file protein_12.pdb (PDB, C-alpha atoms and all ligand atoms)
ATOM      1  CA  MET W   1      22.407 -12.091  -4.843
ATOM      2  CA  MET W   2      19.351 -11.359  -2.733
ATOM      3  CA  ASN W   3      20.104 -10.590   0.867
ATOM      4  CA  SER W   4      18.061 -12.504   3.398
ATOM      5  CA  ILE W   5      16.353 -10.500   6.138
ATOM      6  CA  GLU W   6      18.796 -12.017   8.663
ATOM      7  CA  ASN W   7      21.800 -10.772   6.665
ATOM      8  CA  LEU W   8      20.213  -7.357   6.384
ATOM      9  CA  PHE W   9      19.663  -7.172  10.150
ATOM     10  CA  ASP W  10      23.357  -8.023  10.655
ATOM     11  CA  LEU W  11      24.415  -5.357   8.162
ATOM     12  CA  ALA W  12      22.201  -2.822   9.942
ATOM     13  CA  ILE W  13      23.635  -3.756  13.347
ATOM     14  CA  LYS W  14      27.193  -3.400  12.053
ATOM     15  CA  GLN W  15      26.300   0.030  10.684
ATOM     16  CA  ILE W  16      24.702   1.081  13.981
ATOM     17  CA  GLN W  17      27.771  -0.035  15.910
ATOM     18  CA  GLU W  18      30.094   1.911  13.615
ATOM     19  CA  SER W  19      28.062   5.144  13.553
ATOM     20  CA  GLU W  20      28.425   8.021  15.976
ATOM     21  CA  ASN W  21      25.522  10.397  15.281
ATOM     22  CA  ILE W  22      22.402   8.342  14.731
ATOM     23  CA  TYR W  23      19.085   9.917  13.733
ATOM     24  CA  ILE W  24      15.744   8.159  13.577
ATOM     25  CA  VAL W  25      13.223  10.143  11.551
ATOM     26  CA  SER W  26       9.410  10.045  11.686
ATOM     27  CA  HIS W  27       7.192  10.347   8.615
ATOM     28  CA  VAL W  28       4.409  12.734   7.561
ATOM     29  CA  GLN W  29       1.112  12.223   9.421
ATOM     30  CA  PRO W  30       2.720   9.734  11.780
ATOM     31  CA  ASP W  31       0.583   6.797  12.921
ATOM     32  CA  GLY W  32       0.896   4.372  15.822
ATOM     33  CA  ASP W  33       3.244   2.058  13.947
ATOM     34  CA  ASN W  34       5.588   4.894  13.010
ATOM     35  CA  ILE W  35       5.669   6.538  16.433
ATOM     36  CA  GLY W  36       5.740   3.291  18.410
ATOM     37  CA  SER W  37       8.566   1.970  16.242
ATOM     38  CA  ILE W  38      10.765   5.069  16.415
ATOM     39  CA  LEU W  39      10.415   5.376  20.193
ATOM     40  CA  ALA W  40      11.121   1.669  20.765
ATOM     41  CA  LEU W  41      14.208   1.724  18.570
ATOM     42  CA  TRP W  42      15.455   4.957  20.164
ATOM     43  CA  MET W  43      15.146   3.512  23.674
ATOM     44  CA  ALA W  44      16.910   0.329  22.612
ATOM     45  CA  LEU W  45      19.756   2.152  20.871
ATOM     46  CA  LYS W  46      20.258   4.444  23.883
ATOM     47  CA  ASN W  47      21.396   1.304  25.742
ATOM     48  CA  ILE W  48      24.375   0.919  23.434
ATOM     49  CA  LYS W  49      24.985   4.312  21.807
ATOM     50  CA  GLU W  50      25.524   7.808  23.201
ATOM     51  CA  ARG W  51      24.251  10.019  20.386
ATOM     52  CA  VAL W  52      20.841   8.869  19.184
ATOM     53  CA  PHE W  53      18.075  11.313  18.278
ATOM     54  CA  ILE W  54      14.537  11.305  16.883
ATOM     55  CA  LEU W  55      13.559  13.898  14.291
ATOM     56  CA  LYS W  56      10.043  15.217  13.958
ATOM     57  CA  THR W  57       8.631  15.432  10.440
ATOM     58  CA  ASP W  58       5.030  16.297  11.367
ATOM     59  CA  GLU W  59       3.023  17.029  14.513
ATOM     60  CA  ILE W  60       2.464  14.050  16.817
ATOM     61  CA  PRO W  61      -1.275  13.250  17.129
ATOM     62  CA  SER W  62      -2.480  13.672  20.703
ATOM     63  CA  ASP W  63      -3.443   9.955  20.871
ATOM     64  CA  PHE W  64       0.229   9.058  21.277
ATOM     65  CA  LEU W  65       1.272  11.572  23.923
ATOM     66  CA  PHE W  66       0.924   8.836  26.574
ATOM     67  CA  LEU W  67       3.899   6.938  25.170
ATOM     68  CA  PRO W  68       7.172   6.984  27.129
ATOM     69  CA  ASN W  69       9.816   9.487  25.932
ATOM     70  CA  ILE W  70       7.451  11.065  23.393
ATOM     71  CA  ASN W  71       8.943  14.474  24.282
ATOM     72  CA  ILE W  72      12.400  13.627  22.991
ATOM     73  CA  ILE W  73      11.109  13.870  19.401
ATOM     74  CA  ASN W  74      12.622  17.097  18.125
ATOM     75  CA  GLU W  75      13.231  19.321  15.133
ATOM     76  CA  TYR W  76      16.429  18.838  13.149
ATOM     77  CA  ASN W  77      19.153  21.310  14.016
ATOM     78  CA  HIS W  78      20.936  22.169  10.808
ATOM     79  CA  ASP W  79      24.443  22.073  12.262
ATOM     80  CA  ASP W  80      24.234  18.413  13.121
ATOM     81  CA  ASN W  81      26.157  15.751  11.241
ATOM     82  CA  ILE W  82      24.195  12.665  10.358
ATOM     83  CA  ASP W  83      26.293   9.517  10.213
ATOM     84  CA  LEU W  84      23.295   7.221  10.120
ATOM     85  CA  LEU W  85      19.659   8.009   9.313
ATOM     86  CA  ILE W  86      17.071   5.348  10.119
ATOM     87  CA  THR W  87      13.596   5.536   8.566
ATOM     88  CA  LEU W  88      10.779   3.371   9.925
ATOM     89  CA  ASP W  89       7.440   2.539   8.283
ATOM     90  CA  THR W  90       8.318   4.916   5.424
ATOM     91  CA  SER W  91       7.496   3.534   1.982
ATOM     92  CA  ASP W  92       9.221   6.217  -0.091
ATOM     93  CA  GLU W  93      11.232   9.451   0.106
ATOM     94  CA  SER W  94       8.185  11.740  -0.137
ATOM     95  CA  ARG W  95       6.869  10.343   3.161
ATOM     96  CA  LEU W  96       9.733  12.184   4.870
ATOM     97  CA  GLY W  97       8.179  15.543   3.952
ATOM     98  CA  LYS W  98      10.344  18.466   5.068
ATOM     99  CA  ASN W  99      13.092  16.050   6.205
ATOM    100  CA  LYS W 100      13.467  14.417   2.794
ATOM    101  CA  ASP W 101      16.789  16.155   2.085
ATOM    102  CA  LEU W 102      18.349  14.446   5.096
ATOM    103  CA  LEU W 103      18.550  11.320   2.940
ATOM    104  CA  ASN W 104      21.319  13.034   0.965
ATOM    105  CA  GLN W 105      22.978  14.533   4.026
ATOM    106  CA  ALA W 106      23.272  11.227   5.856
ATOM    107  CA  LYS W 107      26.306   9.052   5.194
ATOM    108  CA  THR W 108      24.180   5.925   5.452
ATOM    109  CA  VAL W 109      20.422   5.335   5.377
ATOM    110  CA  ILE W 110      18.723   2.280   6.872
ATOM    111  CA  ASN W 111      15.137   1.833   5.665
ATOM    112  CA  ILE W 112      13.028  -0.518   7.801
ATOM    113  CA  ASP W 113       9.477  -1.053   6.582
ATOM    114  CA  HIS W 114       6.672  -3.474   5.769
ATOM    115  CA  HIS W 115       4.923  -1.672   2.874
ATOM    116  CA  ILE W 116       4.803  -3.806  -0.256
ATOM    117  CA  SER W 117       5.210  -0.555  -2.226
ATOM    118  CA  ASN W 118       8.524   0.355  -0.536
ATOM    119  CA  ASN W 119      10.992   1.488  -3.204
ATOM    120  CA  ASN W 120      14.184   0.553  -1.300
ATOM    121  CA  PHE W 121      15.530   4.102  -1.129
ATOM    122  CA  GLY W 122      18.038   3.291   1.641
ATOM    123  CA  HIS W 123      21.563   1.875   1.563
ATOM    124  CA  ILE W 124      20.321  -0.976   3.725
ATOM    125  CA  ASN W 125      16.668  -1.895   3.127
ATOM    126  CA  ILE W 126      14.980  -4.190   5.630
ATOM    127  CA  VAL W 127      11.637  -4.430   3.883
ATOM    128  CA  ASP W 128       9.358  -7.329   4.752
ATOM    129  CA  SER W 129       5.769  -7.078   3.550
ATOM    130  CA  ASN W 130       4.885 -10.188   5.565
ATOM    131  CA  ALA W 131       5.371  -8.229   8.772
ATOM    132  CA  ALA W 132       2.055  -6.935  10.092
ATOM    133  CA  ALA W 133       3.731  -3.780  11.332
ATOM    134  CA  THR W 134       7.145  -2.148  11.218
ATOM    135  CA  GLY W 135       7.008  -2.663  14.984
ATOM    136  CA  GLU W 136       7.507  -6.407  14.402
ATOM    137  CA  LEU W 137      10.728  -5.713  12.493
ATOM    138  CA  VAL W 138      11.909  -3.339  15.224
ATOM    139  CA  TYR W 139      11.193  -6.076  17.793
ATOM    140  CA  LYS W 140      13.394  -8.489  15.834
ATOM    141  CA  LEU W 141      16.146  -5.920  15.392
ATOM    142  CA  ILE W 142      16.219  -5.117  19.121
ATOM    143  CA  ASN W 143      16.388  -8.831  19.973
ATOM    144  CA  ARG W 144      19.266  -9.240  17.530
ATOM    145  CA  LEU W 145      21.013  -6.265  19.146
ATOM    146  CA  LYS W 146      20.703  -8.254  22.410
ATOM    147  CA  VAL W 147      19.146  -5.266  24.165
ATOM    148  CA  PRO W 148      16.592  -6.393  26.762
ATOM    149  CA  ILE W 149      13.043  -5.350  25.905
ATOM    150  CA  ASP W 150      11.786  -3.539  28.996
ATOM    151  CA  LYS W 151       8.254  -2.391  29.753
ATOM    152  CA  ASP W 152       8.663   0.988  28.015
ATOM    153  CA  ILE W 153      10.095  -0.480  24.830
ATOM    154  CA  ALA W 154       7.402  -3.172  24.890
ATOM    155  CA  SER W 155       4.608  -0.594  25.314
ATOM    156  CA  CYS W 156       5.788   1.232  22.195
ATOM    157  CA  ILE W 157       6.087  -1.921  20.086
ATOM    158  CA  TYR W 158       2.696  -3.126  21.314
ATOM    159  CA  THR W 159       1.201   0.234  20.277
ATOM    160  CA  ALA W 160       2.838  -0.079  16.844
ATOM    161  CA  ILE W 161       1.539  -3.599  16.228
ATOM    162  CA  SER W 162      -1.920  -3.039  17.703
ATOM    163  CA  SER W 163      -2.356   0.098  15.551
ATOM    164  CA  ASP W 164      -1.422  -1.555  12.273
ATOM    165  CA  THR W 165      -3.419  -4.737  12.862
ATOM    166  CA  GLY W 166      -6.623  -2.984  13.988
ATOM    167  CA  SER W 167      -6.116  -4.470  17.461
ATOM    168  CA  PHE W 168      -4.990  -7.835  16.057
ATOM    169  CA  MET W 169      -8.016  -8.159  13.785
ATOM    170  CA  TYR W 170      -6.800  -7.485  10.234
ATOM    171  CA  ASP W 171      -5.666 -10.205   7.792
ATOM    172  CA  ASN W 172      -2.010  -9.248   8.277
ATOM    173  CA  THR W 173      -2.122 -10.530  11.891
ATOM    174  CA  SER W 174      -0.078 -13.735  11.909
ATOM    175  CA  ALA W 175       0.762 -16.380  14.468
ATOM    176  CA  GLU W 176       4.097 -14.608  14.821
ATOM    177  CA  THR W 177       2.297 -11.311  15.495
ATOM    178  CA  HIS W 178       0.575 -12.963  18.453
ATOM    179  CA  GLU W 179       3.822 -14.591  19.611
ATOM    180  CA  ILE W 180       5.538 -11.208  19.645
ATOM    181  CA  ALA W 181       2.532  -9.634  21.415
ATOM    182  CA  ALA W 182       2.665 -12.395  24.033
ATOM    183  CA  GLU W 183       6.336 -11.654  24.709
ATOM    184  CA  LEU W 184       5.550  -7.950  25.005
ATOM    185  CA  ILE W 185       2.708  -8.587  27.459
ATOM    186  CA  ARG W 186       5.041 -10.763  29.565
ATOM    187  CA  THR W 187       7.242  -7.710  30.217
ATOM    188  CA  GLY W 188       4.383  -6.349  32.336
ATOM    189  CA  ILE W 189       3.020  -3.642  30.055
ATOM    190  CA  ASP W 190      -0.295  -2.041  30.995
ATOM    191  CA  LYS W 191      -2.192  -3.097  27.867
ATOM    192  CA  GLY W 192      -5.503  -1.925  29.328
ATOM    193  CA  ASN W 193      -4.095   1.587  29.509
ATOM    194  CA  ILE W 194      -2.662   1.336  25.986
ATOM    195  CA  ASN W 195      -6.032   0.169  24.661
ATOM    196  CA  ILE W 196      -7.887   3.016  26.370
ATOM    197  CA  ASN W 197      -5.453   5.549  24.916
ATOM    198  CA  LEU W 198      -5.626   4.062  21.427
ATOM    199  CA  TYR W 199      -9.298   3.098  21.166
ATOM    200  CA  GLN W 200     -11.361   4.725  23.909
ATOM    201  CA  SER W 201     -10.164   8.325  23.935
ATOM    202  CA  ARG W 202     -12.045   9.921  21.036
ATOM    203  CA  SER W 203     -12.486  13.672  21.586
ATOM    204  CA  ILE W 204     -15.862  15.403  21.228
ATOM    205  CA  GLU W 205     -14.475  17.295  18.192
ATOM    206  CA  ARG W 206     -13.440  14.064  16.505
ATOM    207  CA  THR W 207     -16.846  12.576  17.283
ATOM    208  CA  MET W 208     -18.596  15.579  15.696
ATOM    209  CA  LEU W 209     -16.415  15.240  12.586
ATOM    210  CA  PHE W 210     -17.259  11.528  12.515
ATOM    211  CA  ILE W 211     -20.991  12.356  12.447
ATOM    212  CA  LYS W 212     -20.508  14.926   9.660
ATOM    213  CA  ALA W 213     -18.503  12.417   7.632
ATOM    214  CA  LEU W 214     -21.187   9.766   7.951
ATOM    215  CA  GLU W 215     -23.771  12.262   6.660
ATOM    216  CA  THR W 216     -21.846  12.292   3.333
ATOM    217  CA  LEU W 217     -21.923   8.492   3.003
ATOM    218  CA  LYS W 218     -22.673   7.228  -0.493
ATOM    219  CA  LEU W 219     -22.943   3.618  -1.598
ATOM    220  CA  TYR W 220     -22.137   2.284  -5.079
ATOM    221  CA  PHE W 221     -21.936  -1.008  -6.976
ATOM    222  CA  GLU W 222     -24.744  -2.802  -5.121
ATOM    223  CA  ASN W 223     -23.591  -1.272  -1.816
ATOM    224  CA  LYS W 224     -20.178  -2.928  -2.095
ATOM    225  CA  VAL W 225     -18.408   0.434  -2.193
ATOM    226  CA  ALA W 226     -18.851   3.093   0.472
ATOM    227  CA  ILE W 227     -17.438   6.600   0.078
ATOM    228  CA  VAL W 228     -17.312   9.469   2.554
ATOM    229  CA  LYS W 229     -15.897  12.925   2.003
ATOM    230  CA  ILE W 230     -14.315  15.381   4.400
ATOM    231  CA  THR W 231     -13.992  18.983   3.285
ATOM    232  CA  ARG W 232     -11.982  21.661   5.038
ATOM    233  CA  SER W 233     -15.171  23.459   6.034
ATOM    234  CA  MET W 234     -16.483  20.305   7.744
ATOM    235  CA  VAL W 235     -13.280  20.096   9.766
ATOM    236  CA  GLU W 236     -13.652  23.751  10.711
ATOM    237  CA  GLU W 237     -17.312  23.404  11.702
ATOM    238  CA  ALA W 238     -16.470  20.473  13.952
ATOM    239  CA  ASN W 239     -13.589  22.466  15.459
ATOM    240  CA  ALA W 240     -11.453  19.435  14.610
ATOM    241  CA  LYS W 241      -8.255  18.706  12.679
ATOM    242  CA  MET W 242      -7.785  16.650   9.518
ATOM    243  CA  GLU W 243      -5.980  13.989  11.614
ATOM    244  CA  ASP W 244      -9.282  13.526  13.480
ATOM    245  CA  THR W 245     -10.582  11.594  10.455
ATOM    246  CA  GLU W 246      -8.604   8.573  11.686
ATOM    247  CA  GLY W 247     -10.917   5.585  12.140
ATOM    248  CA  ILE W 248     -13.775   6.750   9.907
ATOM    249  CA  VAL W 249     -12.797   4.634   6.908
ATOM    250  CA  SER W 250     -12.492   1.487   9.059
ATOM    251  CA  PHE W 251     -15.897   2.231  10.530
ATOM    252  CA  ILE W 252     -17.665   2.361   7.155
ATOM    253  CA  ARG W 253     -15.951  -0.864   6.108
ATOM    254  CA  GLU W 254     -17.900  -2.486   8.955
ATOM    255  CA  ILE W 255     -21.143  -2.096   6.938
ATOM    256  CA  ALA W 256     -22.185  -5.659   6.075
ATOM    257  CA  SER W 257     -22.392  -5.256   2.281
ATOM    258  CA  VAL W 258     -19.230  -3.153   1.938
ATOM    259  CA  GLU W 259     -16.091  -4.596   0.352
ATOM    260  CA  VAL W 260     -14.236  -1.322  -0.281
ATOM    261  CA  ALA W 261     -14.460   1.703   2.007
ATOM    262  CA  THR W 262     -13.029   5.005   0.835
ATOM    263  CA  ILE W 263     -12.504   8.367   2.460
ATOM    264  CA  LEU W 264     -11.590  11.521   0.550
ATOM    265  CA  LYS W 265      -9.936  14.253   2.574
ATOM    266  CA  GLU W 266      -9.683  17.760   1.183
ATOM    267  CA  PHE W 267      -6.329  19.107   2.376
ATOM    268  CA  ASN W 268      -6.487  21.871  -0.234
ATOM    269  CA  GLU W 269      -8.918  22.707  -2.976
ATOM    270  CA  GLU W 270      -6.947  20.569  -5.419
ATOM    271  CA  GLU W 271      -5.175  18.236  -3.003
ATOM    272  CA  ILE W 272      -7.337  15.292  -2.034
ATOM    273  CA  LYS W 273      -5.875  12.527   0.112
ATOM    274  CA  VAL W 274      -7.637   9.222  -0.389
ATOM    275  CA  SER W 275      -7.590   6.247   2.005
ATOM    276  CA  MET W 276      -9.053   2.918   0.977
ATOM    277  CA  ARG W 277      -9.772  -0.214   2.964
ATOM    278  CA  SER W 278     -11.039  -3.540   1.657
ATOM    279  CA  LYS W 279     -12.558  -6.465   3.487
ATOM    280  CA  ARG W 280     -12.224  -9.752   1.609
ATOM    281  CA  TYR W 281     -10.900  -9.769  -1.935
ATOM    282  CA  VAL W 282     -10.140  -6.382  -3.516
ATOM    283  CA  ASP W 283      -6.447  -5.401  -3.682
ATOM    284  CA  VAL W 284      -6.686  -1.678  -2.898
ATOM    285  CA  SER W 285      -2.902  -1.350  -3.081
ATOM    286  CA  SER W 286      -2.883  -1.949  -6.846
ATOM    287  CA  LEU W 287      -6.018   0.155  -7.235
ATOM    288  CA  CYS W 288      -4.306   3.089  -5.508
ATOM    289  CA  ALA W 289      -1.110   2.449  -7.469
ATOM    290  CA  ASN W 290      -3.099   3.239 -10.643
ATOM    291  CA  LEU W 291      -3.687   6.673  -9.120
ATOM    292  CA  GLY W 292      -0.049   7.199  -8.136
ATOM    293  CA  GLY W 293      -0.307   5.857  -4.585
ATOM    294  CA  GLY W 294       0.270   2.547  -2.827
ATOM    295  CA  GLY W 295       0.101   0.697   0.462
ATOM    296  CA  HIS W 296      -1.081  -2.707   1.568
ATOM    297  CA  ILE W 297      -3.598  -5.116  -0.006
ATOM    298  CA  ARG W 298      -6.333  -4.241   2.508
ATOM    299  CA  ALA W 299      -5.257  -0.656   3.297
ATOM    300  CA  ALA W 300      -3.863   1.811   0.799
ATOM    301  CA  GLY W 301      -3.969   5.430  -0.252
ATOM    302  CA  CYS W 302      -3.148   8.050  -2.853
ATOM    303  CA  THR W 303      -3.260  11.794  -3.418
ATOM    304  CA  ILE W 304      -5.326  13.259  -6.250
ATOM    305  CA  ASN W 305      -4.659  16.829  -7.371
ATOM    306  CA  SER W 306      -8.192  17.771  -8.419
ATOM    307  CA  PRO W 307     -11.265  19.169  -6.671
ATOM    308  CA  ILE W 308     -12.931  16.658  -4.378
ATOM    309  CA  ASP W 309     -15.886  15.847  -6.678
ATOM    310  CA  ILE W 310     -13.566  15.144  -9.621
ATOM    311  CA  ALA W 311     -11.377  13.011  -7.346
ATOM    312  CA  GLU W 312     -14.441  10.993  -6.390
ATOM    313  CA  LYS W 313     -15.211  10.363 -10.082
ATOM    314  CA  LEU W 314     -11.620   9.235 -10.760
ATOM    315  CA  ILE W 315     -11.882   6.769  -7.907
ATOM    316  CA  LEU W 316     -15.243   5.479  -9.080
ATOM    317  CA  ASN W 317     -13.695   4.888 -12.537
ATOM    318  CA  GLU W 318     -10.980   2.740 -10.959
ATOM    319  CA  LEU W 319     -13.497   0.889  -8.785
ATOM    320  CA  GLU W 320     -15.684   0.222 -11.823
ATOM    321  CA  LYS W 321     -12.885  -1.923 -13.267
ATOM    322  CA  VAL W 322     -13.108  -4.149 -10.180
ATOM    323  CA  PHE W 323     -16.881  -4.309  -9.714
TER     324      PHE W 323
HETATM  325 MN    MN B   1       2.957   0.395   9.334
END

call {"tool": "encode", "arguments": {"input": "protein_12.pdb", "output": "structure tokens", "more": "lines below"}}
Ligand SMILES: [Mn+2]
result
Amino acid sequence: MMNSIENLFDLAIKQIQESENIYIVSHVQPDGDNIGSILALWMALKNIKERVFILKTDEIPSDFLFLPNINIINEYNHDDNIDLLITLDTSDESRLGKNKDLLNQAKTVINIDHHISNNNFGHINIVDSNAAATGELVYKLINRLKVPIDKDIASCIYTAISSDTGSFMYDNTSAETHEIAAELIRTGIDKGNININLYQSRSIERTMLFIKALETLKLYFENKVAIVKITRSMVEEANAKMEDTEGIVSFIREIASVEVATILKEFNEEEIKVSMRSKRYVDVSSLCANLGGGGHIRAAGCTINSPIDIAEKLILNELEKVF
């Protein structure tokens, strides 16, 4: 029998109540939805449980250092017992990077996510691809826990939802998304400050990398496909980091003729991370799935283990099937 989301929330709450050592774990290359969600859930659980911790899987991008309690995110100490491990916004085990083994160490795993590609790796899987962000599911869970959502919790959930909806602009933004946002704003959050931190704080280095990326822009299939490439030497020349590529792919999607925007990031000579965004009709999630990746209909990604120019050709082959 399929469990309804409501039943799954109740199962998760029962598990939380019965667990002593609770760990919430971040994912590799954490984004606003991941970090906002883990902080919000941590703050909420601290109201009802003594031993709740957040584990760091990857460095926290500087954009999110303004969030309350960001400094409590810590490395796993190998002597600790994990009764309950909670993953948020994590579509599969590999997204846990160096903390992947904790899935076996934990007595119980709760997996809360909104990726359509989620493979239900947890014991309890609250996976709802209709949610615009994992932050929406965390909001519902906290309400069901009957923990009041204060300004700090609300700021983190607002960050999560705003990040994953492109400031409430993407297709995934629903009436419910706005209803939740309205409730969050009513707690008195400083949304102006959140917006400045999220959208008006680009560093000079990131700006320089942005310019370099745009210089590589190529258009295909009657200008419906735009591709940019970031090599390690470009990152070095801009004195930037690979995480500073955030926002470039959305920017090139804004070109009028473009339906699919793609960025190729060279993490290693034969390790190319690809992010794809579509505008109106192409399902980039299934396109990326053909290359071993996944994601959402309008935002997806994959990793290709070839040099960057070969990776570009593989992607163009997939795109050719669509255009
Ligand atoms: Mn998300």

call {"tool": "resolve_selection", "arguments": {"input": "protein_12.pdb", "expression": "the PyMOL selection byres (((chain W and resi 76-86) around 8) and not hetatm)", "output": "ChimeraX atom specification"}}
result
/W:15-16,19-25,55-56,74-75,87-88,102-103,105-112

call {"tool": "closest_residue", "arguments": {"input": "protein_12.pdb", "among": "W:Val260, W:Val274, W:Ala240, W:Met208", "to": "Glu312 (chain W)", "atoms": "only C-alpha atoms"}}
result
W:Val274

call {"tool": "atom_distance", "arguments": {"input": "protein_12.pdb", "atom1": "CA of His115 (chain W)", "atom2": "CA of Pro61 (chain W)"}}
result
21.5 Å

call {"tool": "residues_near_ligand", "arguments": {"input": "protein_12.pdb", "ligand": "ligand MN 1 (chain B)", "cutoff": "8 Å", "atoms": "only C-alpha atoms and all ligand atoms", "output": "mmCIF file with C-alpha atoms, keeping the file's coordinate frame"}}
result
data_model
loop_
_atom_site.group_PDB
_atom_site.id
_atom_site.type_symbol
_atom_site.label_atom_id
_atom_site.label_comp_id
_atom_site.auth_asym_id
_atom_site.auth_seq_id
_atom_site.Cartn_x
_atom_site.Cartn_y
_atom_site.Cartn_z
ATOM 1 C CA ASP W 31 0.583 6.797 12.921
ATOM 2 C CA GLY W 32 0.896 4.372 15.822
ATOM 3 C CA ASP W 33 3.244 2.058 13.947
ATOM 4 C CA ASN W 34 5.588 4.894 13.010
ATOM 5 C CA ASP W 89 7.440 2.539 8.283
ATOM 6 C CA ASP W 113 9.477 -1.053 6.582
ATOM 7 C CA HIS W 114 6.672 -3.474 5.769
ATOM 8 C CA HIS W 115 4.923 -1.672 2.874
ATOM 9 C CA ALA W 132 2.055 -6.935 10.092
ATOM 10 C CA ALA W 133 3.731 -3.780 11.332
ATOM 11 C CA THR W 134 7.145 -2.148 11.218
ATOM 12 C CA GLY W 135 7.008 -2.663 14.984
ATOM 13 C CA ALA W 160 2.838 -0.079 16.844
ATOM 14 C CA ASP W 164 -1.422 -1.555 12.273
#

call {"tool": "resolve_selection", "arguments": {"input": "protein_12.pdb", "expression": "the PyMOL selection byres (((chain W and resi 58) around 8) and not hetatm)", "output": "ChimeraX atom specification"}}
result
/W:26-30,56-57,59-60

call {"tool": "atom_distance", "arguments": {"input": "protein_12.pdb", "atom1": "CA of Leu8 (chain W)", "atom2": "CA of Asn99 (chain W)"}}
result
24.5 Å

call {"tool": "atom_distance", "arguments": {"input": "protein_12.pdb", "atom1": "CA of Ile116 (chain W)", "atom2": "CA of Gly292 (chain W)"}}
result
14.4 Å

call {"tool": "residues_around", "arguments": {"input": "protein_12.pdb", "residues": "Glu269 (chain W)", "least_positions_apart": "4", "cutoff": "9 Å", "atoms": "only C-alpha atoms", "output": "JSON, numbers by chain"}}
result
{"W": [231, 232, 305, 306, 307, 308]}

call {"tool": "residues_around", "arguments": {"input": "protein_12.pdb", "residues": "Asp190 (chain W)", "least_positions_apart": "3", "cutoff": "8 Å", "atoms": "only C-alpha atoms", "output": "ChimeraX atom specification"}}
result
/W:155,193-194

call {"tool": "closest_residue", "arguments": {"input": "protein_12.pdb", "among": "W:Leu198, W:Phe221, W:Phe210, W:Ala238", "to": "Phe251 (chain W)", "atoms": "all atoms listed in the file"}}
result
W:Phe210

call {"tool": "resolve_selection", "arguments": {"input": "protein_12.pdb", "expression": "the PyMOL selection byres (((chain W and resi 66) around 12) and not hetatm)", "output": "ChimeraX atom specification"}}
result
/W:32,35-36,39,60-65,67-71,152,155-156,159,190,193-198,201

call {"tool": "closest_residue", "arguments": {"input": "protein_12.pdb", "among": "W:Ser285, W:Asn317, W:Ser174, W:Asn104", "to": "Ala131 (chain W)", "atoms": "all atoms listed in the file"}}
result
W:Ser174

call {"tool": "closest_residue", "arguments": {"input": "protein_12.pdb", "among": "W:Asp128, W:Glu205, W:Glu176, W:Asp283", "to": "Arg298 (chain W)", "atoms": "all atoms listed in the file"}}
result
W:Asp283

call {"tool": "residues_around", "arguments": {"input": "protein_12.pdb", "residues": "Ala182 (chain W)", "least_positions_apart": "2", "cutoff": "12 Å", "atoms": "only C-alpha atoms", "output": "count of residues only"}}
result
18

call {"tool": "closest_residue", "arguments": {"input": "protein_12.pdb", "among": "W:Arg144, W:Asp92, W:Cys288, W:Ser275", "to": "Asn120 (chain W)", "atoms": "only C-alpha atoms"}}
result
W:Asp92

call {"tool": "closest_residue", "arguments": {"input": "protein_12.pdb", "among": "W:Lys265, W:Arg202, W:Lys241, W:Lys321", "to": "Val228 (chain W)", "atoms": "only C-alpha atoms"}}
result
W:Lys265

call {"tool": "axis_aligned_box", "arguments": {"input": "protein_12.pdb", "around": "region 99-111 of chain W", "padding_each_side": "4 Å", "output": "lines of an AutoDock Vina configuration file"}}
result
center_x = 19.7
center_y = 9.0
center_z = 3.9
size_x = 21.2
size_y = 22.3
size_z = 13.9

call {"tool": "residues_around", "arguments": {"input": "protein_12.pdb", "residues": "Glu93 (chain W)", "least_positions_apart": "6", "cutoff": "9 Å", "atoms": "all atoms listed in the file", "output": "PDB file with C-alpha atoms, in the frame of the given file"}}
result
ATOM      1  CA  LYS W 100      13.467  14.417   2.794  1.00  0.00           C
ATOM      2  CA  ASP W 101      16.789  16.155   2.085  1.00  0.00           C
ATOM      3  CA  LEU W 103      18.550  11.320   2.940  1.00  0.00           C
ATOM      4  CA  ASN W 119      10.992   1.488  -3.204  1.00  0.00           C
ATOM      5  CA  PHE W 121      15.530   4.102  -1.129  1.00  0.00           C
TER       6      PHE W 121
END

call {"tool": "residues_around", "arguments": {"input": "protein_12.pdb", "residues": "Lys224 (chain W)", "least_positions_apart": "3", "cutoff": "6 Å", "atoms": "only C-alpha atoms", "output": "ChimeraX atom specification"}}
result
/W:221,257-259

call {"tool": "residues_near_point", "arguments": {"input": "protein_12.pdb", "point": "(23.4, 5.6, 21.0)", "cutoff": "9 Å", "atoms": "all atoms listed in the file", "output": "MDAnalysis selection string"}}
result
chainID W and resid 16:17 19:22 42:53
